[in-house]
Every structure is written in C-alpha cells, then in structure tokens.
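Source file: entry.txt. Holds: compact mmCIF, C-alpha atoms and all ligand atoms.
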```
# COMPACT_ATOMS: atom_id res chain seq x y z
CA MET A 3 103.64 -94.17 181.46
CA ASN A 4 104.93 -95.51 184.79
CA ASN A 5 108.26 -93.77 185.26
CA ASP A 6 109.89 -96.14 187.76
CA PHE A 7 112.19 -97.38 185.00
CA LEU A 8 113.98 -94.00 184.94
CA THR A 9 115.98 -95.08 187.99
CA ASP A 10 117.23 -98.11 186.01
CA LEU A 11 118.73 -95.69 183.47
CA THR A 12 120.62 -93.70 186.12
CA ALA A 13 123.87 -95.39 187.03
CA VAL A 14 127.65 -95.54 186.88
CA HIS A 15 128.84 -98.30 184.57
CA SER A 16 132.17 -100.12 184.19
CA PRO A 17 132.02 -101.70 180.73
CA ALA A 18 134.68 -104.30 179.93
CA VAL A 19 136.18 -103.20 176.61
CA SER A 20 137.93 -105.63 174.29
CA LEU A 21 138.97 -103.79 171.13
CA ASP A 22 138.84 -105.22 167.64
CA PRO A 23 141.68 -103.66 165.58
CA GLU A 24 139.01 -102.59 163.06
CA GLU A 25 137.63 -100.21 165.71
CA VAL A 26 141.06 -98.55 165.84
CA TRP A 27 141.13 -98.32 162.04
CA ARG A 28 137.76 -96.57 162.05
CA CYS A 29 139.25 -93.86 164.31
CA LEU A 30 142.50 -93.64 162.32
CA GLY A 31 140.74 -93.18 159.01
CA PRO A 32 141.79 -94.54 155.62
CA ALA A 33 145.51 -95.38 155.49
CA GLY A 34 145.67 -96.28 151.80
CA SER A 35 148.85 -98.16 150.91
CA ALA A 36 150.20 -97.75 154.48
CA ARG A 37 147.51 -99.98 155.91
CA GLU A 38 149.45 -103.23 155.65
CA SER A 39 152.62 -101.82 157.20
CA LEU A 40 150.63 -100.24 160.06
CA GLN A 41 148.56 -103.30 160.92
CA ALA A 42 151.06 -104.68 163.49
CA GLU A 43 151.17 -101.25 165.21
CA VAL A 44 147.37 -101.11 165.26
CA ILE A 45 147.13 -104.55 166.89
CA ARG A 46 149.84 -103.63 169.42
CA SER A 47 148.15 -100.31 170.22
CA ALA A 48 144.75 -101.95 170.68
CA ASP A 49 146.29 -104.23 173.33
CA GLU A 50 148.19 -101.35 174.94
CA ALA A 51 145.10 -99.14 175.05
CA GLU A 52 143.09 -101.92 176.70
CA SER A 53 145.72 -102.35 179.41
CA LEU A 54 146.06 -98.58 180.04
CA SER A 55 142.40 -97.64 180.07
CA MET A 56 139.78 -97.77 182.77
CA PRO A 57 136.48 -97.49 180.85
CA ARG A 58 133.61 -96.01 182.80
CA ALA A 59 130.30 -94.42 181.92
CA ILE A 60 127.57 -92.48 183.68
CA SER A 61 123.95 -92.25 182.57
CA GLY A 62 120.82 -90.45 183.62
CA ALA A 63 117.35 -89.89 182.17
CA LEU A 64 114.93 -86.97 182.05
CA LEU A 65 111.34 -86.72 180.87
CA VAL A 66 110.49 -84.41 177.99
CA GLU A 67 108.01 -81.60 178.61
CA THR A 68 108.02 -79.94 175.18
CA ALA A 69 110.03 -80.12 171.96
CA ARG A 70 109.54 -77.13 169.70
CA ARG A 71 111.23 -74.09 168.14
CA GLY A 72 114.76 -75.37 168.54
CA THR A 73 114.40 -76.28 172.21
CA VAL A 74 113.68 -79.53 174.01
CA SER A 75 112.56 -78.81 177.57
CA PHE A 76 112.56 -81.38 180.34
CA THR A 77 110.27 -81.65 183.35
CA ASP A 78 113.09 -80.84 185.78
CA GLY A 79 113.44 -77.38 184.17
CA SER A 80 116.54 -78.11 182.10
CA ALA A 81 116.62 -77.80 178.32
CA VAL A 82 118.76 -78.57 175.27
CA GLN A 83 118.86 -76.35 172.22
CA GLY A 84 119.52 -77.01 168.55
CA LYS A 85 117.53 -76.27 165.40
CA ARG A 86 117.06 -79.95 164.51
CA LEU A 87 116.62 -81.37 168.01
CA PRO A 88 112.79 -81.04 168.10
CA HIS A 89 112.64 -83.29 165.00
CA VAL A 90 114.84 -85.90 166.70
CA PHE A 91 112.56 -85.68 169.75
CA GLU A 92 109.22 -85.96 167.88
CA GLY A 93 107.09 -88.34 169.97
CA ALA A 94 109.81 -88.72 172.65
CA ASP A 95 108.86 -89.28 176.28
CA GLY A 96 112.36 -88.70 177.56
CA ALA A 97 116.09 -88.72 176.93
CA ILE A 98 119.07 -90.65 178.20
CA PHE A 99 122.13 -88.51 178.93
CA LEU A 100 125.32 -90.57 178.65
CA ILE A 101 129.04 -89.84 179.10
CA ALA A 102 131.71 -92.53 178.73
CA THR A 103 135.47 -92.35 179.13
CA ALA A 104 138.57 -94.45 178.55
CA GLY A 105 140.19 -92.73 181.53
CA PRO A 106 143.43 -90.71 181.41
CA GLY A 107 145.95 -93.53 180.92
CA VAL A 108 145.90 -93.79 177.13
CA GLU A 109 146.38 -90.11 176.35
CA ALA A 110 149.18 -89.83 178.93
CA ARG A 111 151.05 -92.67 177.22
CA ALA A 112 150.34 -91.26 173.75
CA ASN A 113 151.82 -87.92 174.88
CA GLU A 114 154.92 -89.76 176.08
CA TYR A 115 155.29 -91.30 172.63
CA PHE A 116 154.98 -87.86 171.02
CA GLY A 117 157.54 -86.46 173.48
CA GLN A 118 159.96 -89.24 172.52
CA GLY A 119 159.48 -88.52 168.83
CA GLU A 120 157.61 -91.80 168.29
CA HIS A 121 154.84 -90.11 166.37
CA VAL A 122 153.37 -93.17 164.67
CA SER A 123 152.98 -94.97 168.00
CA GLY A 124 151.46 -91.81 169.48
CA ILE A 125 148.96 -91.35 166.65
CA VAL A 126 147.86 -94.98 166.60
CA LEU A 127 147.56 -95.22 170.39
CA ASP A 128 145.59 -91.96 170.40
CA ALA A 129 143.14 -93.51 167.90
CA ALA A 130 142.95 -96.65 170.04
CA GLY A 131 142.02 -94.48 173.05
CA THR A 132 139.21 -92.89 171.05
CA ALA A 133 138.05 -96.37 170.03
CA ILE A 134 137.95 -97.44 173.70
CA ALA A 135 135.77 -94.44 174.65
CA ILE A 136 133.41 -95.07 171.71
CA ASN A 137 133.19 -98.76 172.56
CA ALA A 138 132.43 -97.94 176.21
CA LEU A 139 129.66 -95.54 175.15
CA GLU A 140 128.16 -98.01 172.66
CA GLN A 141 128.25 -100.93 175.10
CA THR A 142 126.58 -98.89 177.81
CA LEU A 143 123.99 -97.59 175.38
CA ALA A 144 123.25 -101.15 174.21
CA GLN A 145 122.56 -102.13 177.81
CA LEU A 146 120.30 -99.11 178.39
CA THR A 147 118.53 -99.71 175.08
CA TRP A 148 117.86 -103.29 176.16
CA GLU A 149 116.29 -102.00 179.39
CA LEU A 150 113.97 -99.76 177.37
CA LYS A 151 113.06 -102.36 174.78
CA GLN A 152 112.00 -104.74 177.56
CA ARG A 153 109.30 -102.13 178.21
CA GLU A 154 108.45 -101.77 174.50
CA ILE A 155 109.96 -98.29 174.46
CA LYS A 156 111.63 -97.21 171.22
CA VAL A 157 115.07 -95.60 171.16
CA GLY A 158 116.35 -92.89 168.81
CA PRO A 159 119.81 -92.09 167.48
CA ALA A 160 122.60 -90.94 169.82
CA ILE A 161 123.24 -87.24 169.27
CA ALA A 162 126.61 -85.85 170.37
CA PRO A 163 127.40 -82.20 171.11
CA GLY A 164 129.62 -80.66 168.45
CA THR A 165 127.77 -82.16 165.48
CA GLU A 166 125.52 -80.66 162.81
CA THR A 167 122.49 -81.60 164.89
CA TRP A 168 123.66 -80.20 168.23
CA SER A 169 126.23 -77.48 168.81
CA MET A 170 129.21 -77.83 171.15
CA GLU A 171 127.28 -75.74 173.70
CA GLY A 172 125.31 -78.92 174.33
CA GLN A 173 128.23 -80.13 176.45
CA ARG A 174 127.13 -77.71 179.16
CA SER A 175 123.73 -79.43 179.31
CA MET A 176 125.38 -82.85 179.49
CA PHE A 177 127.46 -81.77 182.48
CA ASP A 178 124.56 -79.94 184.14
CA VAL A 179 122.52 -83.15 184.10
CA LEU A 180 125.21 -85.74 184.86
CA PRO A 181 127.64 -85.71 187.83
CA ALA A 182 130.44 -86.73 185.46
CA ARG A 183 133.09 -86.10 188.13
CA ASP A 184 131.92 -89.41 189.59
CA ILE A 185 133.68 -91.12 186.67
CA GLY A 186 136.58 -88.65 186.60
CA VAL A 187 135.38 -86.55 183.64
CA THR A 188 135.29 -82.75 183.74
CA LEU A 189 134.33 -80.08 181.25
CA LEU A 190 137.04 -77.59 180.26
CA ASP A 191 136.37 -73.93 179.39
CA SER A 192 136.97 -74.91 175.75
CA LEU A 193 133.94 -77.27 176.09
CA MET A 194 136.29 -80.20 175.49
CA MET A 195 136.18 -83.02 178.02
CA HIS A 196 139.01 -84.14 180.26
CA PRO A 197 140.16 -86.89 179.91
CA GLN A 198 140.11 -86.16 176.20
CA LYS A 199 139.27 -89.80 175.46
CA SER A 200 135.65 -89.34 176.46
CA GLN A 201 132.38 -89.33 174.55
CA SER A 202 128.99 -87.79 175.32
CA SER A 203 125.54 -88.22 173.81
CA ILE A 204 121.87 -87.64 174.36
CA ILE A 205 119.44 -90.34 173.21
CA PRO A 206 115.66 -89.81 172.87
CA PHE A 207 113.22 -92.58 173.79
CA GLY A 208 109.48 -93.09 173.77
CA ARG A 209 106.68 -95.52 172.89
CA GLU A 210 105.59 -93.21 170.06
CA LEU A 211 109.07 -92.00 169.05
CA HIS A 212 109.10 -91.03 165.39
CA LEU A 213 112.81 -91.15 164.47
CA VAL A 214 113.81 -94.58 165.77
CA ASN A 215 117.39 -95.82 165.54
CA ASP A 216 116.48 -98.80 163.40
CA PRO A 217 116.97 -98.74 159.63
CA ASN A 218 113.88 -100.90 159.13
CA GLU A 219 111.61 -98.61 161.12
CA ALA A 220 113.17 -95.19 160.62
CA PRO A 221 111.07 -92.81 158.51
CA CYS A 222 114.20 -91.86 156.54
CA ARG A 223 113.48 -94.55 153.92
CA THR A 224 110.60 -92.48 152.59
CA CYS A 225 111.94 -89.00 153.40
CA ARG A 226 113.33 -86.90 150.55
CA ALA A 227 115.50 -84.61 152.72
CA GLN A 228 118.63 -85.36 150.71
CA ARG A 229 121.10 -83.33 152.75
CA CYS A 230 119.81 -84.31 156.18
CA PRO A 231 122.82 -84.96 158.46
CA MET A 232 120.74 -87.19 160.72
CA ARG A 233 119.70 -89.66 158.03
CA ILE A 234 119.65 -93.21 159.45
CA GLU A 235 118.79 -95.06 156.25
CA GLU A 236 119.06 -94.39 152.52
CA TYR A 237 116.02 -92.99 150.70
CA ALA A 238 114.22 -95.95 149.13
CA GLY A 239 111.48 -94.16 147.19
CA PRO A 240 108.06 -92.81 148.22
CA LEU A 241 106.85 -96.24 149.36
CA GLY A 242 110.06 -97.23 151.12
CA GLY A 243 111.31 -99.63 148.41
S1 LIG O 1 116.17 -88.11 156.56
FE1 LIG O 1 114.13 -87.21 156.95
S2 LIG O 1 113.17 -88.57 158.46
FE2 LIG O 1 115.40 -89.03 158.44
S3 LIG O 1 116.22 -87.75 160.06
FE3 LIG O 1 116.39 -86.58 158.17
S4 LIG O 1 114.51 -85.31 158.08
FE4 LIG O 1 114.19 -86.94 159.57
```
Taking this structure as input, can you express it in the form of structure tokens?
Amino acid sequence: MNNDFLTDLTAVHSPAVSLDPEEVWRCLGPAGSARESLQAEVIRSADEAESLSMPRAISGALLVETARRGTVSFTDGSAVQGKRLPHVFEGADGAIFLIATAGPGVEARANEYFGQGEHVSGIVLDAAGTAIAINALEQTLAQLTWELKQREIKVGPAIAPGTETWSMEGQRSMFDVLPARDIGVTLLDSLMMHPQKSQSSIIPFGRELHLVNDPNEAPCRTCRAQRCPMRIEEYAGPLGG
C-alpha cells in the first residue's frame, strides 16, 4: 500500500459543532417523567455550551506491524495493549489516533453553576459539554473516514481507553502518539484528560480489515459471541439472516 495518505490523517481540526438537544439527552441519560420539565433547560444549555466551547481535535496515524497476544505493535515502535485489541485489529494496516475537546469553557461555567447552588443548570450544561466533545470527535472521524474510503480502505469501530475493550492505561499511548497540547489537552496523573470535556479513541483501518464499522459488513451478524462488548450488529443466525 502507498502510505502517502497517512499525512492526510495527521492534522489539527476545528470542527464547527451545532448541537441537537437529543445529543444532550443522550449524555444526560433517561429522565423519566422529568423529561418534559427539563426540555427547556436542555435547549438553553445546548445553546450555552455551543457559545462557550471551542471544539478542536488532533489526529495522527500509525501503521500496524503485528497484532497478537493482547498487543498491537506499530512500525514506529509504539504499541497498545488490551486482551481484545488484536481481534479489533485483525486485517488492519494501521490505526488513527484521535483526541477531541470542547475546550475548558463549558466545565468552568458548569462549576460556577454548582458553586451558586444551581445544580440542575450545572448538570445539564455538563452533559452538553460532553455532547460537544463527542460531536467534535465524531465529525472529525467522519472526515477521516471519508479520506480512507476514497482509497477503498475500510474503517473499524472507534475504541476508547477506559472501556471493556481497552483499559484506561491506553490513555498513555494516546498521549505518547499525539501532541495533544497543540489543542490544549493534557493527561492528568489520574489518566483523566484536562479539559475534562475531551474524548479519545483509536480506530483501525485496512483494505482487508475484518471487523468493519458497518452493520451490513460486520462479521457480528453471524458471530455467536453473545456477551461480546464490541458487538456492532445483532446476531442474525448462522447465515446472517
Ligand atoms: S460479536 Fe463476534 S465478530 Fe463481533 S466484535 Fe464480537 S467477537 Fe468480533
């Protein structure tokens, strides 16, 4: 494979985020009977979060050398570790490393609300800040995915540190690979990111990638691993339904 395209995946991005209130609801979780009374606050917080945030993202790409025994090694000598990662990287040529942030403005304002005893405003704005960071990551990933698909390269699921697939230690790899300070994001000793409203993920890619992030192509439809936390699509029987 000609690897010139790797430079197209290495960049600082400034995605323009326009939040749908439903994105805030997804971060708030189910509100039950309180949903109707909170809707105006959710809409207000979505607008406030947009005005307070400065979404940015940074991406880079590395080529895979090997993926086996709980370790995915890259040709630059770096590696990521996690029992299930070699499965996610089956057939992968490389990985995108991606960190996105809403910036510090939203959490500073949410903390002010908490300090003033306005807990509902603080909680909803906090969720809106998370929604901004997720939106920034997804938008940037959509752009990078488009770049890869132009070259008929398949893309896998985004795997975040601190999930069943990849332990929180993975954050160290993210920050070893990406100069995240360029977008104002640092890694704390706790392995949390600062600003807190930030998201990080690694995304495998390759022409022969096995676990593609497409329900119609993913092998999960015919896979019986019922408790798999990485499942992309429901089991549809031995022939895929
Ligand atoms: S459900 Fe099966 S194919 Fe899908 S990710 Fe899990 S182990 Fe892999």
**Q.** A:Cys225, A:Leu143, A:Ile204, A:Ala42 ranked by distance to Ala97 (chain A), top pick (using only C-alpha atoms)
**A.** A:Ile204
(Q) I'd like the contact shell of Asp78 (chain A) - 10 Å cut-off, only C-alpha atoms, skipping same-chain residues fewer than 5 positions apart - returned as a list in words. (A) Leu64, Leu65, Val66, Glu67 and Val179 of chain A
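The spacing separating CA of Arg233 (chain A) from CA of Arg70 (chain A) amounts to 19.9 Å.
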Within 6 Å of ligand LIG 1 (chain O): each chain A residue with its shortest pair, all atoms listed in the file, as a Markdown table:
```
| residue | atom | partner | partner_atom | distance |
| --- | --- | --- | --- | --- |
| A:Pro221 | CA | O:LIG1 | S2 | 4.7 |
| A:Cys222 | CA | O:LIG1 | FE2 | 3.6 |
| A:Cys225 | CA | O:LIG1 | FE1 | 4.5 |
| A:Ala227 | CA | O:LIG1 | FE1 | 5.2 |
| A:Cys230 | CA | O:LIG1 | FE3 | 4.6 |
| A:Met232 | CA | O:LIG1 | S3 | 4.6 |
| A:Arg233 | CA | O:LIG1 | S1 | 4.1 |
```
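Going from CA of Gln198 (chain A) to CA of Gly119 (chain A) covers 20.9 Å.
The gap separating CA of Cys29 (chain A) from CA of Ala182 (chain A) is 24.0 Å, in Å to one decimal.
Look at Val82 (chain A): the protein and nucleic acid residues within 9 Å of it, using only C-alpha atoms and passing over chain neighbours fewer than 5 places away, are Gly72, Thr73, Val74, Ser75, Phe76, Leu87, Trp168, Gly172, Ser175 and Met176 of chain A.
Nearest-residue note for Ser123 (chain A): choosing from A:Ala104, A:Ile205, A:Leu30, A:Leu150, the minimum distance belongs to A:Leu30, counting only C-alpha atoms.
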Tell me, counting all atoms listed in the file, for each residue of region 112-144 of chain A within 12 Å of region 156-166 of chain A, which pair of atoms is nearest and how far apart they are in Å to one decimal, in rows ordered by chain and increasing number, as a Markdown table.
```
| residue | atom | partner | partner_atom | distance |
| --- | --- | --- | --- | --- |
| A:Ile136 | CA | A:Ala162 | CA | 11.5 |
| A:Leu139 | CA | A:Ala160 | CA | 10.0 |
| A:Glu140 | CA | A:Ala160 | CA | 9.4 |
| A:Thr142 | CA | A:Ala160 | CA | 12.0 |
| A:Leu143 | CA | A:Ala160 | CA | 8.8 |
| A:Ala144 | CA | A:Val157 | CA | 10.3 |
```
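If all atoms listed in the file are the atoms counted, then among A:Pro32, A:Asp128, A:Ala110, A:Pro88 the closest residue to Ala48 (chain A) is A:Asp128.
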Q: Point out the residue among A:Pro231, A:Gly131, A:Pro240, A:Gly186 with the least atom-to-atom distance to Val26 (chain A), counting all atoms listed in the file.
A: A:Gly131
Q | Given only C-alpha atoms as the counted atoms, nearest of A:Ala13, A:Ala130, A:Ala135, A:Ala18 to Met195 (chain A) | A | A:Ala135
Q. Neighbours of Leu127 (chain A) within 12 Å (all atoms listed in the file; same-chain residues fewer than 6 positions away dropped), as a ChimeraX atom specification?
A. /A:23,26-27,29-30,40,43-55,107-116,120-121,133-134,199
Provide an axis-aligned box for all listed atoms of region 79-84 of chain A, padding each side by 5 Å; report its centre and its edge lengths in Å to one decimal, as AutoDock Vina command-line options.
```
--center_x 116.5 --center_y -77.5 --center_z 176.4 --size_x 16.1 --size_y 12.2 --size_z 25.6
```
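Comparing A:Arg37, A:Arg226, A:Ala59, A:Val214 by their smallest distance to Lys151 (chain A), the closest is A:Val214 (using all atoms listed in the file).
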